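Asks: For reference, the file input_17.tsv (TSV, C-alpha atoms) is included below:
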chain	number	residue	atom	x	y	z
A	162	MET	CA	-69.83	83.40	-9.45
A	163	ALA	CA	-66.73	83.46	-11.51
A	164	GLU	CA	-64.71	84.21	-8.37
A	165	ASN	CA	-66.23	81.20	-6.60
A	166	ASN	CA	-65.38	78.94	-9.53
A	167	SER	CA	-61.84	80.19	-9.49
A	168	LYS	CA	-61.48	79.49	-5.79
A	169	GLN	CA	-62.93	76.01	-6.20
A	170	ARG	CA	-60.48	75.30	-9.04
A	171	ILE	CA	-57.60	76.48	-6.88
A	172	ILE	CA	-58.80	74.31	-3.97
A	173	ALA	CA	-59.12	71.28	-6.29
A	174	ILE	CA	-55.65	71.79	-7.66
A	175	ALA	CA	-54.25	72.21	-4.17
A	176	ALA	CA	-56.04	69.06	-3.09
A	177	VAL	CA	-54.53	67.11	-6.00
A	178	ILE	CA	-51.09	68.45	-5.19
A	179	ILE	CA	-51.55	67.58	-1.52
A	180	VAL	CA	-52.71	64.03	-2.42
A	181	ALA	CA	-49.77	63.67	-4.80
A	182	LEU	CA	-47.39	64.87	-2.12
A	183	LEU	CA	-48.91	62.49	0.37
A	184	ALA	CA	-48.64	59.59	-2.09
A	185	GLY	CA	-45.04	60.50	-2.88
A	186	ASN	CA	-44.23	60.72	0.79
A	187	ALA	CA	-45.90	57.36	1.36
A	188	TYR	CA	-43.88	55.81	-1.49
A	189	LEU	CA	-40.66	57.30	-0.22
A	190	LEU	CA	-41.49	56.12	3.27
A	191	PHE	CA	-42.24	52.59	2.05
A	192	ASN	CA	-39.10	52.53	-0.10
A	193	LYS	CA	-37.03	53.75	2.83
A	194	MET	CA	-38.52	51.07	5.06
A	195	SER	CA	-37.72	48.38	2.43
A	196	GLN	CA	-34.17	49.67	2.08
A	197	ASP	CA	-33.77	49.76	5.82
A	198	THR	CA	-34.99	46.16	6.02
A	199	GLN	CA	-32.58	45.08	3.25
A	200	ILE	CA	-29.71	47.00	4.84
A	201	THR	CA	-30.52	45.43	8.19
A	202	ALA	CA	-30.55	41.96	6.59
A	203	GLN	CA	-27.27	42.61	4.78
A	204	ALA	CA	-25.73	43.98	7.95
A	205	SER	CA	-26.92	40.87	9.76
A	206	GLU	CA	-25.35	38.64	7.07
A	207	ILE	CA	-22.10	40.60	7.24
A	208	ASP	CA	-22.12	40.28	11.00
A	209	GLU	CA	-22.75	36.53	10.62
A	210	GLN	CA	-19.88	36.26	8.09
A	211	GLU	CA	-17.47	38.06	10.38
A	212	LYS	CA	-18.67	36.03	13.33
A	213	LEU	CA	-18.15	32.77	11.43
A	214	LYS	CA	-14.72	33.90	10.22
A	215	ALA	CA	-13.70	34.64	13.80
A	216	GLU	CA	-15.13	31.33	14.99
A	217	LEU	CA	-13.32	29.53	12.16
A	218	GLU	CA	-9.96	31.04	13.10
A	219	LYS	CA	-10.54	30.30	16.77
A	220	GLN	CA	-11.68	26.72	16.09
A	221	TYR	CA	-8.78	26.06	13.69
A	222	TYR	CA	-5.98	27.36	15.91
A	223	GLU	CA	-7.40	25.70	19.02
A	224	SER	CA	-7.53	22.44	17.08
A	225	LEU	CA	-3.93	22.87	15.92
A	226	SER	CA	-2.82	23.62	19.46
A	227	GLU	CA	-4.69	20.64	20.87
A	228	LEU	CA	-3.11	18.30	18.33
A	229	GLU	CA	0.34	19.86	18.83
A	230	GLU	CA	0.14	19.21	22.58
A	231	MET	CA	-0.50	15.53	21.88
A	232	LYS	CA	2.89	15.09	20.16
A	233	THR	CA	5.45	12.85	21.87
A	234	ASN	CA	8.88	11.46	20.98
A	235	ASN	CA	7.19	8.80	18.85
A	236	GLU	CA	7.97	9.59	15.20
A	237	ASP	CA	5.06	7.59	13.78
A	238	LEU	CA	2.57	9.29	16.11
A	239	ASN	CA	3.96	12.75	15.33
A	240	LYS	CA	3.79	12.04	11.60
A	241	MET	CA	0.12	11.07	11.92
A	242	ILE	CA	-0.63	14.26	13.90
A	243	GLU	CA	1.08	16.40	11.26
A	244	GLU	CA	-1.01	14.72	8.56
A	245	GLN	CA	-4.16	15.45	10.59
A	246	GLN	CA	-3.09	19.10	10.97
A	247	ALA	CA	-2.59	19.34	7.22
A	248	GLU	CA	-6.09	17.93	6.62
A	249	LEU	CA	-7.56	20.49	9.05
A	250	LYS	CA	-5.75	23.25	7.12
A	251	ASP	CA	-7.35	22.05	3.87
A	252	GLN	CA	-10.79	22.00	5.50
A	253	LYS	CA	-10.28	25.50	6.96
A	254	ASP	CA	-9.35	26.79	3.49
A	255	ARG	CA	-12.57	25.30	2.07
A	256	VAL	CA	-14.66	27.03	4.75
A	257	SER	CA	-12.82	30.32	4.14
A	258	ARG	CA	-13.71	30.13	0.45
A	259	LEU	CA	-17.38	29.54	1.36
A	260	LEU	CA	-17.40	32.55	3.69
A	261	ARG	CA	-16.48	34.89	0.84
A	262	ASP	CA	-20.11	34.71	-0.30
A	263	SER	CA	-22.94	35.29	2.21
A	264	LYS	CA	-25.06	32.81	0.27
A	265	ASN	CA	-22.83	29.99	1.53
A	266	LEU	CA	-23.18	30.70	5.26
A	267	LYS	CA	-25.25	27.58	5.84
A	268	SER	CA	-22.70	25.39	4.03
A	269	ALA	CA	-19.89	27.11	5.94
A	270	ARG	CA	-21.55	26.36	9.28
A	271	SER	CA	-21.99	22.72	8.21
A	272	GLU	CA	-18.31	22.45	7.23
A	273	MET	CA	-17.24	23.96	10.54
A	274	ALA	CA	-19.32	21.36	12.36
A	275	ASN	CA	-17.60	18.70	10.27
A	276	MET	CA	-14.23	20.15	11.27
A	277	GLN	CA	-15.09	19.67	14.93
A	278	THR	CA	-16.32	16.14	14.29
A	279	GLN	CA	-13.14	15.39	12.36
A	280	LEU	CA	-11.00	16.83	15.15
A	281	ASP	CA	-12.78	14.65	17.71
A	282	GLY	CA	-12.04	11.63	15.51
A	283	TYR	CA	-8.37	12.64	15.22
A	284	ILE	CA	-8.04	13.01	18.96
A	285	SER	CA	-9.66	9.61	19.47
A	286	GLN	CA	-7.20	8.01	17.00
A	287	VAL	CA	-4.22	9.67	18.69
A	288	ASN	CA	-5.37	8.58	22.13
A	289	ASP	CA	-5.87	5.02	20.89
A	290	LEU	CA	-2.39	5.01	19.41
A	291	LYS	CA	-0.94	6.46	22.62
A	292	GLU	CA	-2.63	3.72	24.61
A	293	GLN	CA	-1.26	1.07	22.26
A	294	ASN	CA	2.22	2.60	22.55
A	295	ALA	CA	1.92	2.60	26.33
A	296	GLN	CA	0.96	-1.08	26.27
A	297	LEU	CA	3.89	-1.79	23.97
A	298	ALA	CA	6.20	0.12	26.30
A	299	ASP	CA	4.98	-1.95	29.25
A	300	ALA	CA	5.50	-5.12	27.23
A	301	ASN	CA	8.98	-3.94	26.24
A	302	ASN	CA	9.83	-3.21	29.87
A	303	GLN	CA	8.66	-6.67	30.84
A	304	LEU	CA	10.68	-8.22	28.03
A	305	ALA	CA	13.69	-6.14	29.07
A	306	GLY	CA	13.40	-7.55	32.59
A	307	GLU	CA	13.13	-11.07	31.24
A	308	ARG	CA	16.08	-10.35	28.95
A	309	ASP	CA	18.21	-9.16	31.86
A	310	LYS	CA	17.31	-12.27	33.84
A	311	LEU	CA	18.06	-14.43	30.85
A	312	GLN	CA	21.40	-12.64	30.39
A	313	THR	CA	22.27	-13.39	33.99
A	314	ASP	CA	21.35	-17.03	33.49
A	315	ILE	CA	23.40	-17.12	30.30
A	316	THR	CA	26.38	-15.64	32.09
A	317	THR	CA	26.11	-18.28	34.80
A	318	LEU	CA	25.75	-21.05	32.25
A	319	GLY	CA	28.57	-19.52	30.20
A	320	GLU	CA	30.96	-19.87	33.10
A	321	GLU	CA	30.03	-23.53	33.43
A	322	TYR	CA	30.29	-23.93	29.69
A	323	GLN	CA	33.76	-22.40	29.55
A	324	THR	CA	34.86	-24.85	32.22
A	325	THR	CA	33.97	-27.84	30.08
A	326	LYS	CA	34.54	-26.30	26.64
A	327	ALA	CA	38.27	-27.01	26.49
A	328	THR	CA	37.67	-30.65	27.42
A	329	LEU	CA	34.91	-31.01	24.85
A	330	VAL	CA	36.99	-29.36	22.13
A	331	SER	CA	39.92	-31.62	22.95
A	332	GLU	CA	37.70	-34.71	22.87
A	333	LYS	CA	36.11	-33.56	19.63
A	334	GLU	CA	39.47	-32.95	17.97
A	335	GLU	CA	40.69	-36.35	19.11
A	336	LEU	CA	37.51	-38.00	17.87
A	337	THR	CA	37.66	-36.10	14.57
A	338	SER	CA	41.26	-37.20	14.10
A	339	LYS	CA	40.36	-40.81	14.84
A	340	ASN	CA	37.38	-40.67	12.49
A	341	ALA	CA	39.48	-39.08	9.76
A	342	ASN	CA	42.16	-41.74	10.14
A	343	LEU	CA	39.55	-44.47	10.25
A	344	SER	CA	37.78	-43.07	7.21
A	345	LYS	CA	41.07	-42.78	5.40
A	346	THR	CA	41.92	-46.33	6.34
A	347	VAL	CA	38.54	-47.56	5.11
A	348	VAL	CA	38.89	-45.67	1.84
A	349	ARG	CA	42.44	-46.95	1.38
A	350	ALA	CA	41.29	-50.49	2.06
A	351	SER	CA	38.50	-50.13	-0.51
A	352	VAL	CA	40.87	-49.09	-3.31
A	353	ILE	CA	40.56	-51.52	-6.22
A	354	ASN	CA	44.01	-52.54	-7.37
A	355	VAL	CA	44.59	-53.22	-11.04
A	356	GLN	CA	47.05	-55.51	-12.76
A	357	GLY	CA	48.36	-56.05	-16.25
A	358	VAL	CA	48.52	-52.38	-17.15
A	359	SER	CA	49.45	-52.28	-20.86
A	360	VAL	CA	49.44	-49.73	-23.68
A	361	GLU	CA	49.63	-50.52	-27.41
A	362	GLY	CA	50.38	-48.01	-30.17
A	363	LEU	CA	48.01	-48.31	-33.13
A	364	LYS	CA	48.21	-47.11	-36.70
A	365	ILE	CA	45.02	-46.80	-38.75
A	366	LYS	CA	45.39	-48.37	-42.17
A	367	GLY	CA	43.68	-47.13	-45.32
A	368	SER	CA	41.05	-49.81	-44.87
A	369	GLY	CA	40.19	-48.37	-41.50
A	370	LYS	CA	41.64	-51.27	-39.55
A	371	ALA	CA	44.06	-50.62	-36.68
A	372	LYS	CA	47.52	-52.15	-36.73
A	373	GLU	CA	49.85	-52.32	-33.75
A	374	THR	CA	53.12	-50.35	-34.03
A	375	ASP	CA	55.87	-49.21	-31.71
A	376	ARG	CA	57.15	-46.49	-34.04
A	377	ALA	CA	56.44	-43.13	-32.36
A	378	ASP	CA	55.99	-41.30	-35.67
A	379	LYS	CA	53.43	-43.88	-36.84
A	380	VAL	CA	51.24	-44.07	-33.71
A	381	GLN	CA	47.78	-42.54	-34.10
A	382	GLN	CA	45.93	-44.16	-31.22
A	383	LEU	CA	46.76	-45.61	-27.84
A	384	LYS	CA	44.92	-48.68	-26.59
A	385	VAL	CA	45.12	-48.79	-22.80
A	386	CYS	CA	44.07	-51.91	-20.88
A	387	PHE	CA	44.20	-53.09	-17.26
A	388	ASN	CA	42.54	-55.76	-15.13
A	389	THR	CA	40.53	-55.09	-11.96
A	390	THR	CA	41.05	-57.33	-8.94
A	391	GLU	CA	38.67	-58.57	-6.26
A	392	ASN	CA	38.26	-56.39	-3.17
A	393	ALA	CA	35.72	-57.52	-0.58
A	394	VAL	CA	35.91	-54.18	1.23
A	395	ALA	CA	34.85	-52.18	-1.81
A	396	LYS	CA	31.10	-51.75	-2.22
A	397	PRO	CA	29.66	-52.78	-5.58
A	398	GLY	CA	28.77	-49.85	-7.80
A	399	LYS	CA	30.21	-47.22	-10.11
A	400	GLU	CA	33.99	-46.96	-9.85
A	401	GLN	CA	36.25	-44.51	-11.63
A	402	PHE	CA	39.80	-45.35	-12.72
A	403	TYR	CA	41.91	-42.31	-13.61
A	404	VAL	CA	44.68	-43.19	-16.07
A	405	ARG	CA	47.77	-40.99	-16.23
A	406	ILE	CA	50.17	-41.45	-19.16
A	407	ILE	CA	53.54	-39.74	-18.63
A	408	ASN	CA	55.78	-39.12	-21.66
A	409	PRO	CA	59.57	-39.61	-21.66
A	410	THR	CA	60.14	-35.96	-20.59
A	411	GLY	CA	57.93	-36.37	-17.49
A	412	GLU	CA	54.87	-34.54	-18.80
A	413	THR	CA	51.36	-35.94	-18.49
A	414	LEU	CA	49.61	-36.45	-21.81
A	415	ALA	CA	46.40	-34.44	-21.37
A	416	ILE	CA	43.90	-32.91	-23.77
A	417	GLU	CA	40.66	-31.67	-22.17
A	418	GLU	CA	38.67	-32.22	-25.38
A	419	MET	CA	39.72	-35.88	-25.24
A	420	GLY	CA	38.52	-36.43	-21.66
A	421	SER	CA	41.57	-35.24	-19.71
A	422	GLY	CA	41.28	-33.34	-16.44
A	423	ILE	CA	42.60	-32.85	-12.89
A	424	MET	CA	41.99	-35.00	-9.81
A	425	SER	CA	42.98	-34.69	-6.12
A	426	GLY	CA	45.36	-37.21	-4.56
A	427	SER	CA	43.98	-38.66	-1.31
A	428	ASP	CA	47.33	-38.71	0.52
A	429	SER	CA	48.81	-35.31	-0.28
A	430	LYS	CA	45.69	-33.58	-1.65
A	431	GLU	CA	47.94	-32.77	-4.61
A	432	GLN	CA	46.25	-31.77	-7.86
A	433	ILE	CA	47.11	-34.50	-10.35
A	434	ARG	CA	46.53	-34.17	-14.09
A	435	TYR	CA	45.22	-37.31	-15.75
A	436	THR	CA	44.89	-38.44	-19.34
A	437	LYS	CA	41.50	-40.13	-19.26
A	438	VAL	CA	39.03	-41.64	-16.78
A	439	LYS	CA	37.44	-45.04	-17.24
A	440	GLU	CA	34.19	-45.73	-15.40
A	441	TYR	CA	33.07	-49.26	-14.57
A	442	ASP	CA	30.15	-50.83	-12.70
A	443	TYR	CA	32.28	-52.84	-10.28
A	444	SER	CA	30.94	-56.08	-8.78
A	445	ASN	CA	33.95	-57.24	-6.74
A	446	ASP	CA	35.12	-59.06	-9.84
A	447	GLU	CA	38.18	-59.40	-12.08
A	448	THR	CA	37.53	-57.70	-15.41
A	449	GLN	CA	39.72	-56.29	-18.15
A	450	LEU	CA	38.94	-52.66	-18.95
A	451	CYS	CA	40.21	-50.99	-22.14
A	452	PHE	CA	39.80	-47.67	-23.92
A	453	LEU	CA	41.24	-45.94	-26.98
A	454	TRP	CA	42.83	-42.50	-26.81
A	455	GLU	CA	43.54	-40.55	-29.99
A	456	PRO	CA	45.14	-37.18	-29.19
A	457	LYS	CA	45.95	-36.39	-32.86
A	458	VAL	CA	49.42	-35.17	-31.91
A	459	ALA	CA	52.85	-36.64	-32.57
A	460	PHE	CA	54.31	-38.99	-29.95
A	461	GLU	CA	57.92	-38.93	-28.75
A	462	SER	CA	60.33	-41.81	-28.79
A	463	GLY	CA	61.25	-43.29	-25.42
A	464	THR	CA	59.73	-44.98	-22.40
A	465	TYR	CA	56.30	-43.91	-21.12
A	466	ASN	CA	54.99	-44.52	-17.60
A	467	VAL	CA	51.35	-45.32	-16.87
A	468	GLU	CA	49.66	-44.77	-13.51
A	469	VAL	CA	46.11	-45.87	-12.66
A	470	TYR	CA	44.32	-44.17	-9.73
A	471	ASN	CA	41.22	-45.26	-7.81
A	472	LYS	CA	39.72	-43.09	-5.02
A	473	GLY	CA	42.77	-40.83	-5.23
A	474	TYR	CA	45.32	-43.63	-4.64
A	475	ILE	CA	47.61	-45.33	-7.14
A	476	SER	CA	46.13	-48.76	-7.78
A	477	GLY	CA	48.43	-49.95	-10.57
A	478	LYS	CA	51.37	-49.02	-12.83
A	479	GLY	CA	52.87	-49.96	-16.15
A	480	THR	CA	55.31	-48.85	-18.87
A	481	PHE	CA	55.62	-48.97	-22.66
A	482	THR	CA	58.23	-47.82	-25.16
A	483	PHE	CA	58.11	-46.25	-28.61
A	484	LYS	CA	61.09	-46.25	-31.01
Take the structure I supplied and represent it as C-alpha cells, if you would.

Replies:
Amino acid sequence: MAENNSKQRIIAIAAVIIVALLAGNAYLLFNKMSQDTQITAQASEIDEQEKLKAELEKQYYESLSELEEMKTNNEDLNKMIEEQQAELKDQKDRVSRLLRDSKNLKSARSEMANMQTQLDGYISQVNDLKEQNAQLADANNQLAGERDKLQTDITTLGEEYQTTKATLVSEKEELTSKNANLSKTVVRASVINVQGVSVEGLKIKGSGKAKETDRADKVQQLKVCFNTTENAVAKPGKEQFYVRIINPTGETLAIEEMGSGIMSGSDSKEQIRYTKVKEYDYSNDETQLCFLWEPKVAFESGTYNVEVYNKGYISGKGTFTFK
C-alpha cells in the first residue's frame, strides 16, 4: 500500500513537471512567434525605408537631370531652372530627414508625391516660358526683317535727302541771315532816342535839403535826367534805359549795390558796364525821366561823359564837369 502511494506521488509529480514543461514550451513558442512577427514587421519597415530612400535618390536625380536638359542660352530661363533645382534639393532634404524614423514613412511617401507634383509644375512653367521666348524670337525676327527693309528705304531716301540737303542748308542760311538783319533793323528802328541828357551834382545840407554844386569834393549825389522822344515803331510797354557815367579817366562809375551791372551791346555783343538802369512804361510819348545816384565815394575833377542805351544801342549822350 505504501509502495502504491509512493508510485502515485511520483506519477503526480511527474505529471506536474510535464504540464509545467508543456506550459513553458507553449509560452516560449508564443513568445518566439510574437518576436518573429515583430522582427518581420521591423524588417518590412526597414525594407520600406531603404526602398523609399532609393526611390527618393532616383526621383531627385532624374528630376535634376530633366530640368538640366531644359536649360538654353536664355539667362532668365536658366536662372529660374536653377531656383527650381534648389527648391527640389530642399524638399529632398526634408524627405531624407523623415526617412530617418520608420514612423514617418507615410509622411515621406506624401512628400515624395508632392515632389513629383512640384516637378511637373516646374516643367510646365519652363515649357510655357520657352514657348513665350520662341514667340518673342519669331516677333524679333519679323521686326528684324522690317528693320532691314526700313533701313533700305532710309538709305534710298537718304541719297535723295543728301541731294537736296546742301540747297536747303544754303537757303536756310540765307533766310536766317535775312531774318537776322531784318530783326536787327526792326530792333534798331524801335530804339527810343533820348535828348537833353543832363547831370547835376548835389550836396546835402544839414537841413536835409539838396543844393546844386559843381565842386567835385562837395558832391554827394548825382541827379541824372533825360527826355524820351516819340517813336512810332516802338511798341508801348516797359522800356529800360541803361545810363553809363564815365569819369575823366575813362572808367565807368559802377557800384553793384547801387544798381550797377553789365549789359550786352547789340552791335558788337560787347559787355558794357553801366551805372544804373531806369525803367519806364513807355507810351510813344515825350517824358523827362530822372533818378538820383549816391555812390558815397569821392568824385574827381574834370569832364564826365554820359551815355544812355536802349535795347543795346546808344540812344543819347551828354557831358558835365566838376571843378

Asks: Kindly provide, as JSON, the centre and edge lengths (Å, one decimal) of an axis-aligned box around all atoms of stretch 311-321 of chain A given in the file, with 8 Å on each side.

Replies:
{"center_x": 24.5, "center_y": -18.1, "center_z": 32.5, "size_x": 28.9, "size_y": 26.9, "size_z": 20.6}

Asks: Would you kindly return, as a list in words, each protein, DNA or RNA residue with an atom no farther than 12 Å from any atom of A:Asp237, considering all atoms listed in the file and excluding same-chain residues fewer than 6 positions away?

Replies: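 Near A:Asp237, the qualifying residues are Glu243, Glu244, Val287, Leu290, Lys291 and Asn294 of chain A.
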
Asks: What gap, in Å, lies between atom CA of A:Gly357 and atom CA of A:Lys370?

Replies: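 Value for the atom CA of A:Gly357-atom CA of A:Lys370 distance: 24.7 Å.
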
Asks: May I have the residues within 9 Å of A:Gln277 as a list in words, using all atoms listed in the file and disregarding those fewer than 5 positions away in the same chain?

Replies: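 Here the answer would be Gln220, Ser224, Glu272 and Gly282 of chain A.
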
Asks: Determine the nearest neighbour of A:Leu453 from the options A:Gln381, A:Ser427, A:Ser271, A:Thr480, counting all atoms listed in the file.

Replies: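 Checking each candidate against A:Leu453, we get A:Gln381 as the closest.
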
Asks: Can you measure atom CA of A:Ala395 to atom CA of A:Asn445 for me? One decimal in Å is fine.

Replies: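 Going from atom CA of A:Ala395 over to atom CA of A:Asn445 covers 7.1 Å.
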
Asks: Between A:Glu391, A:Met424, A:Glu209, A:Arg308, which has the minimum distance to A:Lys264 (counting only C-alpha atoms)?

Replies: A:Glu209
